[in-house]
$ cat data38.txt   # compact mmCIF, C-alpha atoms
# COMPACT_ATOMS: atom_id res chain seq x y z
CA MET A 1 17.26 266.27 101.45
CA THR A 2 14.56 267.95 99.44
CA ALA A 3 16.20 270.85 97.64
CA ALA A 4 17.64 270.21 94.19
CA ARG A 5 21.40 270.80 94.07
CA VAL A 6 22.69 272.31 90.85
CA GLY A 7 26.38 272.86 90.11
CA ILE A 8 27.77 275.69 88.00
CA GLY A 9 31.34 275.20 86.80
CA GLY A 10 33.60 276.69 84.17
CA PRO A 11 36.78 278.65 83.56
CA VAL A 12 37.69 281.86 85.38
CA GLY A 13 35.79 284.84 84.00
CA SER A 14 33.33 282.85 81.91
CA GLY A 15 30.35 284.29 83.76
CA LYS A 16 29.37 281.82 86.45
CA THR A 17 28.56 284.47 89.04
CA ALA A 18 26.92 286.65 86.38
CA LEU A 19 24.69 283.71 85.46
CA ILE A 20 23.62 283.34 89.08
CA GLU A 21 22.93 287.07 89.31
CA ALA A 22 20.86 286.85 86.15
CA ILE A 23 18.86 283.76 87.04
CA LEU A 24 17.99 284.72 90.64
CA PRO A 25 15.23 287.17 89.59
CA HIS A 26 13.73 284.50 87.31
CA LEU A 27 13.77 281.98 90.15
CA ALA A 28 12.17 284.48 92.52
CA ALA A 29 9.45 285.30 89.99
CA ALA A 30 8.73 281.59 89.61
CA GLY A 31 8.43 281.21 93.40
CA ILE A 32 11.44 278.89 93.63
CA ASP A 33 13.02 279.18 97.06
CA THR A 34 16.78 279.39 96.41
CA ALA A 35 20.14 279.56 98.20
CA VAL A 36 23.68 279.72 96.86
CA ILE A 37 27.06 278.27 97.79
CA THR A 38 30.18 279.79 96.26
CA ASN A 39 33.61 278.13 96.07
CA ASP A 40 36.00 281.01 95.66
CA LEU A 41 39.61 279.98 95.18
CA VAL A 42 41.22 282.72 97.24
CA THR A 43 38.69 285.09 98.75
CA ASP A 44 34.97 285.36 99.46
CA GLU A 45 34.61 287.75 96.54
CA ASP A 46 31.89 285.89 94.65
CA ALA A 47 29.88 285.35 97.82
CA GLU A 48 30.24 289.00 98.79
CA ARG A 49 29.24 290.09 95.29
CA LEU A 50 26.06 288.03 95.49
CA ARG A 51 25.30 289.28 99.00
CA ARG A 52 25.81 292.88 97.93
CA GLY A 53 23.58 292.29 94.93
CA GLY A 54 20.67 292.00 97.33
CA GLN A 55 18.76 289.40 95.33
CA LEU A 56 19.03 286.95 98.20
CA PRO A 57 19.24 287.58 101.94
CA PRO A 58 22.97 287.44 102.85
CA GLU A 59 22.50 284.40 105.06
CA ARG A 60 21.37 282.43 102.02
CA VAL A 61 24.80 282.81 100.40
CA LEU A 62 27.50 280.60 101.90
CA ALA A 63 31.16 280.64 100.90
CA VAL A 64 33.25 277.47 100.98
CA GLN A 65 37.02 277.73 100.62
CA ALA A 66 38.59 275.40 98.09
CA GLY A 67 41.95 274.64 99.73
CA ALA A 68 43.85 275.54 96.56
CA CYS A 69 41.92 272.86 94.66
CA PRO A 70 38.72 274.08 92.96
CA HIS A 71 38.13 270.68 91.37
CA THR A 72 38.78 268.73 94.58
CA VAL A 73 36.09 270.57 96.53
CA ILE A 74 33.44 269.74 93.91
CA ARG A 75 34.60 266.28 92.87
CA GLU A 76 37.19 264.25 94.82
CA ASP A 77 36.18 265.59 98.23
CA PRO A 78 32.89 267.49 98.06
CA THR A 79 32.13 267.04 101.75
CA LEU A 80 32.55 270.73 102.67
CA ASN A 81 30.00 271.61 100.01
CA ILE A 82 27.71 268.75 101.04
CA ALA A 83 27.85 269.93 104.66
CA ALA A 84 27.16 273.53 103.59
CA ALA A 85 24.18 272.41 101.51
CA ASP A 86 22.88 270.28 104.40
CA ARG A 87 23.18 273.33 106.66
CA LEU A 88 21.22 275.51 104.23
CA GLU A 89 18.46 272.90 104.12
CA ARG A 90 18.37 272.80 107.92
CA ASP A 91 18.34 276.58 108.23
CA PHE A 92 15.78 277.16 105.48
CA PRO A 93 13.12 274.45 105.52
CA GLY A 94 11.24 274.30 102.26
CA LEU A 95 14.23 275.30 100.17
CA ASP A 96 13.69 274.25 96.53
CA LEU A 97 17.09 274.86 94.97
CA ILE A 98 20.73 275.22 96.00
CA LEU A 99 23.06 276.61 93.35
CA ILE A 100 26.68 275.55 93.95
CA GLU A 101 29.19 277.71 92.08
CA SER A 102 32.62 276.23 91.53
CA GLY A 103 35.75 278.31 91.64
CA GLY A 104 37.09 279.01 88.17
CA ASP A 105 38.84 275.94 86.81
CA ASN A 106 39.94 274.30 83.60
CA LEU A 107 38.01 272.24 81.07
CA ALA A 108 38.61 269.06 83.07
CA SER A 109 36.53 270.09 86.08
CA THR A 110 33.40 268.08 86.78
CA PHE A 111 30.97 267.83 89.69
CA SER A 112 30.62 264.75 91.87
CA PRO A 113 27.23 263.04 91.62
CA ASP A 114 27.44 262.90 95.42
CA LEU A 115 27.13 266.68 95.46
CA VAL A 116 24.73 267.70 92.70
CA ASP A 117 21.67 266.44 90.87
CA PHE A 118 22.49 268.44 87.74
CA TRP A 119 25.37 270.63 86.68
CA MET A 120 26.14 273.11 83.97
CA PHE A 121 29.44 274.22 82.51
CA VAL A 122 29.82 277.85 81.51
CA ILE A 123 32.25 278.97 78.80
CA ASP A 124 32.33 282.24 76.93
CA VAL A 125 32.94 283.14 73.32
CA ALA A 126 35.88 285.37 74.19
CA GLY A 127 37.75 282.31 75.38
CA GLY A 128 37.89 281.16 71.76
CA ASP A 129 35.58 279.25 69.46
CA ASP A 130 37.84 276.21 69.66
CA ILE A 131 36.85 275.41 73.25
CA PRO A 132 34.08 272.97 72.28
CA ARG A 133 36.44 271.24 69.84
CA LYS A 134 38.96 270.80 72.65
CA LYS A 135 36.28 268.74 74.39
CA GLY A 136 37.35 268.11 77.97
CA PRO A 137 35.19 266.48 80.65
CA GLY A 138 33.51 269.77 81.58
CA ILE A 139 32.33 270.33 78.03
CA LEU A 140 31.32 266.74 77.39
CA GLN A 141 29.81 265.59 80.69
CA ALA A 142 27.86 268.62 81.92
CA ASP A 143 24.09 268.29 81.79
CA LEU A 144 24.01 271.71 80.18
CA LEU A 145 26.68 273.70 78.35
CA VAL A 146 26.22 277.47 78.54
CA VAL A 147 28.03 279.62 75.99
CA ASN A 148 28.05 283.06 77.56
CA LYS A 149 28.94 286.54 76.27
CA ALA A 150 27.42 285.63 72.92
CA ASP A 151 27.23 289.32 72.07
CA LEU A 152 31.02 289.51 72.00
CA ALA A 153 31.33 287.02 69.15
CA PRO A 154 31.76 289.54 66.32
CA HIS A 155 34.31 291.48 68.35
CA VAL A 156 36.56 288.50 69.01
CA GLY A 157 36.33 286.87 65.59
CA VAL A 158 34.05 284.03 66.65
CA ASP A 159 31.47 282.43 64.38
CA LEU A 160 28.82 281.87 67.06
CA PRO A 161 26.47 279.60 65.05
CA LEU A 162 29.45 277.40 64.12
CA MET A 163 30.65 277.34 67.74
CA LEU A 164 27.20 276.28 68.93
CA ASP A 165 26.93 273.64 66.19
CA GLN A 166 30.28 272.18 67.19
CA ALA A 167 29.29 272.24 70.84
CA GLN A 168 26.10 270.34 70.00
CA ALA A 169 28.09 267.86 67.94
CA VAL A 170 30.71 267.04 70.59
CA ARG A 171 27.96 266.73 73.19
CA GLY A 172 25.90 264.37 71.09
CA GLY A 173 22.96 266.74 70.98
CA ARG A 174 22.70 267.34 74.71
CA PRO A 175 21.59 270.88 75.69
CA VAL A 176 23.65 273.91 74.73
CA ILE A 177 22.34 277.40 75.46
CA ALA A 178 23.85 280.69 74.32
CA THR A 179 23.50 283.54 76.79
CA VAL A 180 24.37 287.13 77.48
CA CYS A 181 23.95 286.98 81.23
CA ARG A 182 24.65 290.69 81.68
CA ARG A 183 21.64 291.47 79.49
CA ASP A 184 19.46 288.61 80.66
CA GLN A 185 19.48 286.98 77.24
CA GLY A 186 19.06 283.20 77.15
CA VAL A 187 18.73 282.94 80.93
CA ALA A 188 15.01 282.13 80.82
CA GLY A 189 15.92 279.09 78.74
CA ILE A 190 18.19 277.83 81.53
CA LEU A 191 15.37 278.24 84.02
CA ASP A 192 13.00 276.33 81.72
CA LEU A 193 15.51 273.48 81.52
CA LEU A 194 16.01 273.40 85.29
CA ARG A 195 12.27 273.36 85.87
CA ARG A 196 11.83 270.50 83.43
CA GLU A 197 14.87 268.39 84.37
CA VAL A 198 15.46 269.08 88.06
CA LEU A 199 12.75 271.02 89.82
CA PHE A 200 9.75 269.27 88.23
CA ARG A 201 7.59 272.36 88.66
CA MET B 202 43.56 237.75 102.35
CA THR B 203 43.94 236.54 105.92
CA PRO B 204 41.53 237.80 108.56
CA ASP B 205 44.56 239.27 110.35
CA ALA B 206 45.00 241.76 107.55
CA LEU B 207 41.53 243.25 107.97
CA PRO B 208 42.36 245.75 110.77
CA LEU B 209 45.36 247.01 108.81
CA LEU B 210 43.36 247.30 105.60
CA THR B 211 40.56 249.13 107.43
CA ALA B 212 43.05 251.57 108.98
CA MET B 213 44.74 252.14 105.63
CA HIS B 214 41.40 252.82 103.98
CA LEU B 215 40.27 255.28 106.62
CA ALA B 216 43.66 257.00 106.77
CA ASP B 217 43.89 257.41 103.01
CA SER B 218 43.97 261.04 101.96
CA SER B 219 41.45 260.20 99.24
CA PHE B 220 38.82 259.51 101.91
CA PRO B 221 36.51 262.54 101.61
CA SER B 222 36.51 264.42 104.88
CA GLY B 223 37.02 268.06 103.86
CA LEU B 224 40.35 268.27 105.67
CA PHE B 225 42.26 269.03 102.47
CA ALA B 226 40.95 272.61 102.70
CA PHE B 227 42.45 273.32 106.16
CA SER B 228 46.06 274.31 106.85
CA TRP B 229 45.61 275.06 110.58
CA GLY B 230 47.74 278.18 110.39
CA LEU B 231 50.47 276.87 108.11
CA GLU B 232 49.38 279.01 105.15
CA ALA B 233 49.72 282.26 107.10
CA ALA B 234 52.88 281.07 108.87
CA LEU B 235 54.59 280.26 105.57
CA ALA B 236 53.44 283.54 104.06
CA GLU B 237 54.80 285.53 106.99
CA GLY B 238 58.02 283.59 107.47
CA GLN B 239 57.12 281.99 110.80
CA ALA B 240 57.29 278.54 109.25
CA ASP B 241 60.37 277.53 107.27
CA PRO B 242 59.58 275.40 104.21
CA ARG B 243 63.08 273.88 104.53
CA ASP B 244 62.12 272.66 108.00
CA LEU B 245 58.55 271.57 107.49
CA ALA B 246 59.16 268.62 109.79
CA GLY B 247 59.86 271.14 112.55
CA TRP B 248 56.48 272.83 112.07
CA ILE B 249 54.59 269.55 111.79
CA GLY B 250 56.40 268.16 114.83
CA ALA B 251 55.50 271.22 116.86
CA GLU B 252 51.86 270.90 115.81
CA LEU B 253 51.83 267.25 116.78
CA HIS B 254 53.38 267.98 120.17
CA GLY B 255 51.56 271.23 120.96
CA ARG B 256 48.16 270.71 119.38
CA TRP B 257 47.49 267.12 118.39
CA HIS B 258 48.87 265.32 121.43
CA PRO B 259 47.35 267.45 124.22
CA PHE B 260 44.10 268.30 122.40
CA ASP B 261 43.08 266.28 119.35
CA ARG B 262 44.31 263.00 120.81
CA VAL B 263 42.33 263.53 124.01
CA ALA B 264 39.23 264.83 122.22
CA LEU B 265 39.33 261.95 119.75
CA ALA B 266 39.68 259.36 122.51
CA GLY B 267 36.54 260.75 124.17
CA GLY B 268 34.68 260.53 120.89
CA TRP B 269 35.89 256.95 120.49
CA ARG B 270 34.99 255.91 124.05
CA LEU B 271 31.68 257.63 124.71
CA ASP B 272 28.09 257.20 123.53
CA GLY B 273 24.77 259.01 123.83
CA ALA B 274 24.56 261.79 126.39
CA GLY B 275 28.15 261.23 127.46
CA LEU B 276 29.31 261.85 123.92
CA ALA B 277 27.22 265.02 123.63
CA ASP B 278 28.60 266.28 126.95
CA TRP B 279 32.12 265.52 125.79
CA ASP B 280 31.57 267.48 122.58
CA ASP B 281 30.28 270.40 124.68
CA LEU B 282 33.43 270.20 126.81
CA VAL B 283 35.62 270.22 123.71
CA ASP B 284 33.62 273.18 122.45
CA ALA B 285 34.30 275.06 125.67
CA SER B 286 37.98 274.19 125.42
CA ILE B 287 38.46 276.18 122.20
CA PRO B 288 38.32 279.81 123.30
CA ALA B 289 39.03 281.35 119.88
CA GLU B 290 35.74 281.69 118.01
CA MET B 291 37.19 281.29 114.53
CA GLN B 292 39.04 278.13 115.48
CA ARG B 293 35.95 276.77 117.22
CA GLN B 294 33.80 277.34 114.12
CA GLN B 295 36.42 275.76 111.86
CA SER B 296 36.57 272.67 114.06
CA LEU B 297 32.79 272.39 113.79
CA GLN B 298 32.97 272.92 110.02
CA ALA B 299 35.51 270.11 109.66
CA GLY B 300 33.42 267.86 111.91
CA ALA B 301 30.29 268.54 109.85
CA ALA B 302 32.11 267.66 106.63
CA LEU B 303 33.32 264.33 108.00
CA ALA B 304 29.89 263.56 109.46
CA ALA B 305 28.24 264.34 106.10
CA SER B 306 30.60 261.91 104.41
CA ALA B 307 30.12 259.21 107.05
CA ARG B 308 26.32 259.43 106.93
CA ARG B 309 26.39 258.86 103.19
CA ILE B 310 28.25 255.59 103.62
CA GLY B 311 25.88 254.39 106.30
CA VAL B 312 27.69 255.41 109.49
CA ALA B 313 25.22 257.31 111.66
CA LEU B 314 27.04 260.32 113.08
CA ASP B 315 25.91 263.60 114.54
CA ASP B 316 27.74 266.81 113.75
CA GLY B 317 30.28 267.94 116.32
CA HIS B 318 33.88 269.00 116.71
CA ALA B 319 36.27 267.40 114.23
CA PRO B 320 38.32 265.18 116.57
CA VAL B 321 35.24 264.01 118.47
CA VAL B 322 33.38 263.10 115.27
CA HIS B 323 36.53 261.45 113.95
CA GLY B 324 36.94 259.31 117.06
CA ARG B 325 33.32 258.19 116.95
CA PHE B 326 33.55 257.47 113.23
CA LEU B 327 36.72 255.39 113.57
CA ARG B 328 35.26 253.33 116.39
CA LEU B 329 32.05 252.66 114.47
CA SER B 330 34.24 251.66 111.53
CA GLY B 331 35.93 249.02 113.64
CA LEU B 332 39.26 250.59 114.60
CA THR B 333 40.85 250.08 118.00
CA LEU B 334 41.67 253.25 119.91
CA PRO B 335 45.44 252.96 119.28
CA ASP B 336 44.81 252.53 115.56
CA ALA B 337 42.34 255.42 115.57
CA LEU B 338 44.94 257.65 117.21
CA ALA B 339 47.57 256.62 114.67
CA VAL B 340 45.16 257.39 111.82
CA SER B 341 44.40 260.81 113.30
CA ALA B 342 48.02 261.80 113.99
CA MET B 343 49.15 260.65 110.57
CA GLY B 344 46.24 262.52 109.02
CA MET B 345 47.32 265.77 110.66
CA ALA B 346 50.94 265.32 109.58
CA ARG B 347 50.03 264.39 106.03
CA GLY B 348 47.42 267.15 105.80
CA LEU B 349 49.96 269.81 106.75
CA ALA B 350 52.49 268.40 104.29
CA SER B 351 49.89 268.33 101.54
CA ALA B 352 48.92 271.95 102.26
CA ALA B 353 52.56 273.01 101.96
CA VAL B 354 52.82 271.20 98.62
CA ARG B 355 49.67 272.85 97.26
CA LEU B 356 50.95 276.22 98.44
CA GLY B 357 53.97 275.58 96.23
CA ARG B 358 56.44 275.93 99.08
CA VAL B 359 57.80 272.38 99.17
CA GLY B 360 58.11 269.58 96.65
CA ALA B 361 55.74 266.64 96.65
CA VAL B 362 58.66 264.22 96.71
CA ALA B 363 60.89 266.14 99.10
CA VAL B 364 58.13 266.38 101.68
CA GLN B 365 58.08 262.60 101.94
CA ARG B 366 61.46 262.81 103.67
CA ASP B 367 59.88 265.01 106.34
CA LEU B 368 57.00 262.62 106.84
CA LEU B 369 59.21 259.55 107.00
CA ALA B 370 61.45 261.26 109.54
CA LEU B 371 58.40 262.06 111.65
CA LEU B 372 57.02 258.53 111.81
CA PRO B 373 58.92 257.48 114.97
CA ARG B 374 57.77 260.66 116.73
CA ILE B 375 54.20 260.07 115.61
CA ALA B 376 54.33 256.51 116.88
CA ALA B 377 55.64 257.71 120.23
CA LEU B 378 52.84 260.27 120.57
CA THR B 379 49.89 257.96 119.94
CA ASP B 380 49.57 256.67 123.49
CA PRO B 381 45.90 256.50 124.51
CA PRO B 382 45.05 259.19 127.07
CA ARG B 383 43.51 258.39 130.42
CA PRO B 384 39.72 258.71 130.50
CA ASP B 385 39.98 261.63 132.93
CA ASP B 386 42.40 263.62 130.76
CA LEU B 387 41.03 266.91 129.45
CA PRO B 388 41.89 268.53 126.12
CA ALA B 389 44.13 271.59 126.41
CA SER B 390 46.47 272.62 123.62
CA PHE B 391 49.42 274.99 123.59
CA ALA B 392 50.32 276.01 120.04
CA PRO B 393 50.34 279.82 120.22
CA ILE B 394 52.15 280.51 116.93
CA SER B 395 49.77 278.44 114.83
CA ASP B 396 46.78 279.54 116.93
CA ILE B 397 47.52 283.14 116.00
CA ALA B 398 48.53 282.29 112.43
CA LEU B 399 45.27 280.55 111.64
CA MET B 400 43.32 283.59 112.80
CA ARG B 401 45.49 286.13 111.04
CA PRO B 402 43.79 287.67 108.00
CA LEU B 403 45.62 287.20 104.72
CA ALA B 404 44.98 289.30 101.65
CA SER B 405 44.60 286.15 99.62
CA ARG B 406 43.89 282.88 101.33
CA LEU B 407 43.64 279.48 99.68
CA PHE B 408 42.75 277.49 102.78
CA VAL B 409 39.96 277.73 105.32
CA ASN B 410 42.55 278.58 107.97
$ encode --input "data38.txt" --output "structure tokens"
Amino acid sequence: MTAARVGIGGPVGSGKTALIEAILPHLAAAGIDTAVITNDLVTDEDAERLRRGGQLPPERVLAVQAGACPHTVIREDPTLNIAAADRLERDFPGLDLILIESGGDNLASTFSPDLVDFWMFVIDVAGGDDIPRKKGPGILQADLLVVNKADLAPHVGVDLPLMLDQAQAVRGGRPVIATVCRRDQGVAGILDLLRREVLFR
Amino acid sequence: MTPDALPLLTAMHLADSSFPSGLFAFSWGLEAALAEGQADPRDLAGWIGAELHGRWHPFDRVALAGGWRLDGAGLADWDDLVDASIPAEMQRQQSLQAGAALAASARRIGVALDDGHAPVVHGRFLRLSGLTLPDALAVSAMGMARGLASAAVRLGRVGAVAVQRDLLALLPRIAALTDPPRPDDLPASFAPISDIALMRPLASRLFVN
């Protein structure tokens, strides 16, 4: 194994696929050879969306079904994802990075250390500014917490600076990044963190 | 612990549904059959029994025994034969996918396995883990029965407690089916309803098949 494996988890609709769509151009510009695995709950919709997006050749996007258990396929039994990642490394020698997107799940979802070297948890402001205060393993244990849709904060009554402060506090100062993935805001910061913490380049 | 308990403990460990093998994500046609009324959730034991008789006994049992018995080139040839014995492309790919998941898990705990079809990889893995062939067959048959029951529970069609009655009722049949095949037996299943069900497209599918 040579490619770094990075998990992306978070609730349904928080922007996990949007984050991948936003970061792929940054990765390409940095010369980081990338592939993606999606874990859709019911369909191949996320995988198809990424394939249609055209930022990666379709064969570099694999879909793994979650057997009705989005947390099982990334934590208790990640073997289908491990096998998919192994296959990508076999098929694309020299791969630098494999992004593994979880199906949408609750705040308790976490990634197995067997599967990933680093994982981020994506929430969005429209889900409520109390999410960080609710803690939950996803919020607390992720290597990076991404607070997406930051631009919606004034429209949904969220005090974004307070939400970010509380997120920092419950995470003991570990990284928190606010993003607007649709507008490519904050995404470069995620890439910088991945380069520093995972890719070492 | 007495040394006599070791084979039982090993079998229990390897048969435990918490052992990561990827199989939780496969329903082998049950999802579509329940959705389309071909399987009756009030008679899950009937569906599981039919799968054990029509699929596991004539195919998985034989394929697994070859994986357990053979090494080297003989093992590779056997996997090729199993491959040729699954005419439906989707089913063939899913068997390989399940085999790759188990092999990935085994390699990470120090058991050197090549990818291959699920029952062949499973047989090889169980032998290298120290199981006798009869115990390996019991682990495999019980795994299929429990996997189907678990899929039905996660689909919300049967209760997690109620399904235990089905599994308990099936134990004598499972025990009767786990006779080791002869070395010259060839895998050949006949489970047309589930064969078609696992290939049938569903608008929303939770399982691999």
$ interface_residues --input "data38.txt" --of "chain A" --to "chain B" --cutoff "12 Å" --atoms "all atoms listed in the file" --output "ChimeraX atom specification"
/A:1,39-45,63-87,103,112,114-115
$ write_last_selection --input "data38.txt" --atoms "C-alpha atoms" --output "mmCIF file, keeping the file's coordinate frame"
data_model
loop_
_atom_site.group_PDB
_atom_site.id
_atom_site.type_symbol
_atom_site.label_atom_id
_atom_site.label_comp_id
_atom_site.auth_asym_id
_atom_site.auth_seq_id
_atom_site.Cartn_x
_atom_site.Cartn_y
_atom_site.Cartn_z
ATOM 1 C CA MET A 1 17.260 266.270 101.450
ATOM 2 C CA ASN A 39 33.610 278.130 96.070
ATOM 3 C CA ASP A 40 36.000 281.010 95.660
ATOM 4 C CA LEU A 41 39.610 279.980 95.180
ATOM 5 C CA VAL A 42 41.220 282.720 97.240
ATOM 6 C CA THR A 43 38.690 285.090 98.750
ATOM 7 C CA ASP A 44 34.970 285.360 99.460
ATOM 8 C CA GLU A 45 34.610 287.750 96.540
ATOM 9 C CA ALA A 63 31.160 280.640 100.900
ATOM 10 C CA VAL A 64 33.250 277.470 100.980
ATOM 11 C CA GLN A 65 37.020 277.730 100.620
ATOM 12 C CA ALA A 66 38.590 275.400 98.090
ATOM 13 C CA GLY A 67 41.950 274.640 99.730
ATOM 14 C CA ALA A 68 43.850 275.540 96.560
ATOM 15 C CA CYS A 69 41.920 272.860 94.660
ATOM 16 C CA PRO A 70 38.720 274.080 92.960
ATOM 17 C CA HIS A 71 38.130 270.680 91.370
ATOM 18 C CA THR A 72 38.780 268.730 94.580
ATOM 19 C CA VAL A 73 36.090 270.570 96.530
ATOM 20 C CA ILE A 74 33.440 269.740 93.910
ATOM 21 C CA ARG A 75 34.600 266.280 92.870
ATOM 22 C CA GLU A 76 37.190 264.250 94.820
ATOM 23 C CA ASP A 77 36.180 265.590 98.230
ATOM 24 C CA PRO A 78 32.890 267.490 98.060
ATOM 25 C CA THR A 79 32.130 267.040 101.750
ATOM 26 C CA LEU A 80 32.550 270.730 102.670
ATOM 27 C CA ASN A 81 30.000 271.610 100.010
ATOM 28 C CA ILE A 82 27.710 268.750 101.040
ATOM 29 C CA ALA A 83 27.850 269.930 104.660
ATOM 30 C CA ALA A 84 27.160 273.530 103.590
ATOM 31 C CA ALA A 85 24.180 272.410 101.510
ATOM 32 C CA ASP A 86 22.880 270.280 104.400
ATOM 33 C CA ARG A 87 23.180 273.330 106.660
ATOM 34 C CA GLY A 103 35.750 278.310 91.640
ATOM 35 C CA SER A 112 30.620 264.750 91.870
ATOM 36 C CA ASP A 114 27.440 262.900 95.420
ATOM 37 C CA LEU A 115 27.130 266.680 95.460
#
$ residues_around --input "data38.txt" --residues "range 284-291 of chain B" --least-positions-apart "6" --cutoff "8 Å" --atoms "only C-alpha atoms" --output "list in words"
His318, Pro388, Ala389 and Met400 of chain B
$ residues_around --input "data38.txt" --residues "Pro320 in chain B" --least-positions-apart "6" --cutoff "9 Å" --atoms "only C-alpha atoms" --output "list of chain:residue names"
B:Phe260, B:Asp261, B:Arg262, B:Val263, B:Ala264, B:Leu265, B:Ala266, B:Gly267, B:Gly268, B:Ser296, B:Ala299, B:Gly300, B:Ser341
$ atom_distance --input "data38.txt" --atom1 "CA of Leu368 in chain B" --atom2 "CA of Ala350 in chain B"
7.8 Å
$ residues_around --input "data38.txt" --residues "Ala142 in chain A" --least-positions-apart "2" --cutoff "9 Å" --atoms "all atoms listed in the file" --output "list in words"
Gly9, Thr110, Phe111, Phe118, Trp119, Met120, Phe121, Pro137, Gly138, Ile139, Leu140, Leu144, Leu145, Arg171 and Arg174 of chain A
$ decode --input "data38.txt" --residues "range 143-161 of chain A" --atoms "N, CA and C atoms" --output "tab-separated table (two decimals), in the first residue's frame"
chain	number	residue	atom	x	y	z
A	143	ASP	N	-10.16	13.47	12.51
A	143	ASP	CA	-8.91	14.24	12.45
A	143	ASP	C	-9.18	15.68	12.03
A	144	LEU	N	-10.26	15.86	11.30
A	144	LEU	CA	-10.64	17.21	10.87
A	144	LEU	C	-12.16	17.31	10.89
A	145	LEU	N	-12.68	18.39	11.45
A	145	LEU	CA	-14.11	18.67	11.39
A	145	LEU	C	-14.33	19.77	10.36
A	146	VAL	N	-15.17	19.51	9.37
A	146	VAL	CA	-15.50	20.50	8.35
A	146	VAL	C	-16.91	21.01	8.62
A	147	VAL	N	-17.05	22.32	8.72
A	147	VAL	CA	-18.37	22.93	8.89
A	147	VAL	C	-18.73	23.59	7.56
A	148	ASN	N	-19.58	22.91	6.83
A	148	ASN	CA	-19.87	23.32	5.45
A	148	ASN	C	-21.10	24.23	5.39
A	149	LYS	N	-21.31	24.81	4.21
A	149	LYS	CA	-22.45	25.71	3.96
A	149	LYS	C	-22.40	26.91	4.90
A	150	ALA	N	-21.19	27.39	5.16
A	150	ALA	CA	-21.02	28.51	6.11
A	150	ALA	C	-21.79	29.74	5.65
A	151	ASP	N	-22.00	29.85	4.35
A	151	ASP	CA	-22.71	31.03	3.84
A	151	ASP	C	-24.19	31.03	4.22
A	152	LEU	N	-24.70	29.88	4.63
A	152	LEU	CA	-26.12	29.83	5.01
A	152	LEU	C	-26.37	30.29	6.43
A	153	ALA	N	-25.32	30.51	7.19
A	153	ALA	CA	-25.48	30.79	8.62
A	153	ALA	C	-26.49	31.91	8.90
A	154	PRO	N	-26.38	33.05	8.25
A	154	PRO	CA	-27.35	34.11	8.59
A	154	PRO	C	-28.78	33.76	8.21
A	155	HIS	N	-28.94	32.87	7.28
A	155	HIS	CA	-30.29	32.51	6.83
A	155	HIS	C	-30.96	31.47	7.70
A	156	VAL	N	-30.17	30.79	8.52
A	156	VAL	CA	-30.76	29.74	9.37
A	156	VAL	C	-30.55	30.06	10.85
A	157	GLY	N	-30.23	31.33	11.12
A	157	GLY	CA	-30.13	31.76	12.51
A	157	GLY	C	-28.95	31.19	13.27
A	158	VAL	N	-27.85	30.96	12.57
A	158	VAL	CA	-26.68	30.37	13.21
A	158	VAL	C	-25.58	31.42	13.38
A	159	ASP	N	-25.04	31.48	14.57
A	159	ASP	CA	-23.88	32.33	14.86
A	159	ASP	C	-22.64	31.53	14.51
A	160	LEU	N	-22.13	31.72	13.30
A	160	LEU	CA	-21.04	30.87	12.80
A	160	LEU	C	-19.78	30.96	13.66
A	161	PRO	N	-19.32	32.18	14.02
A	161	PRO	CA	-18.10	32.22	14.87
A	161	PRO	C	-18.30	31.45	16.18
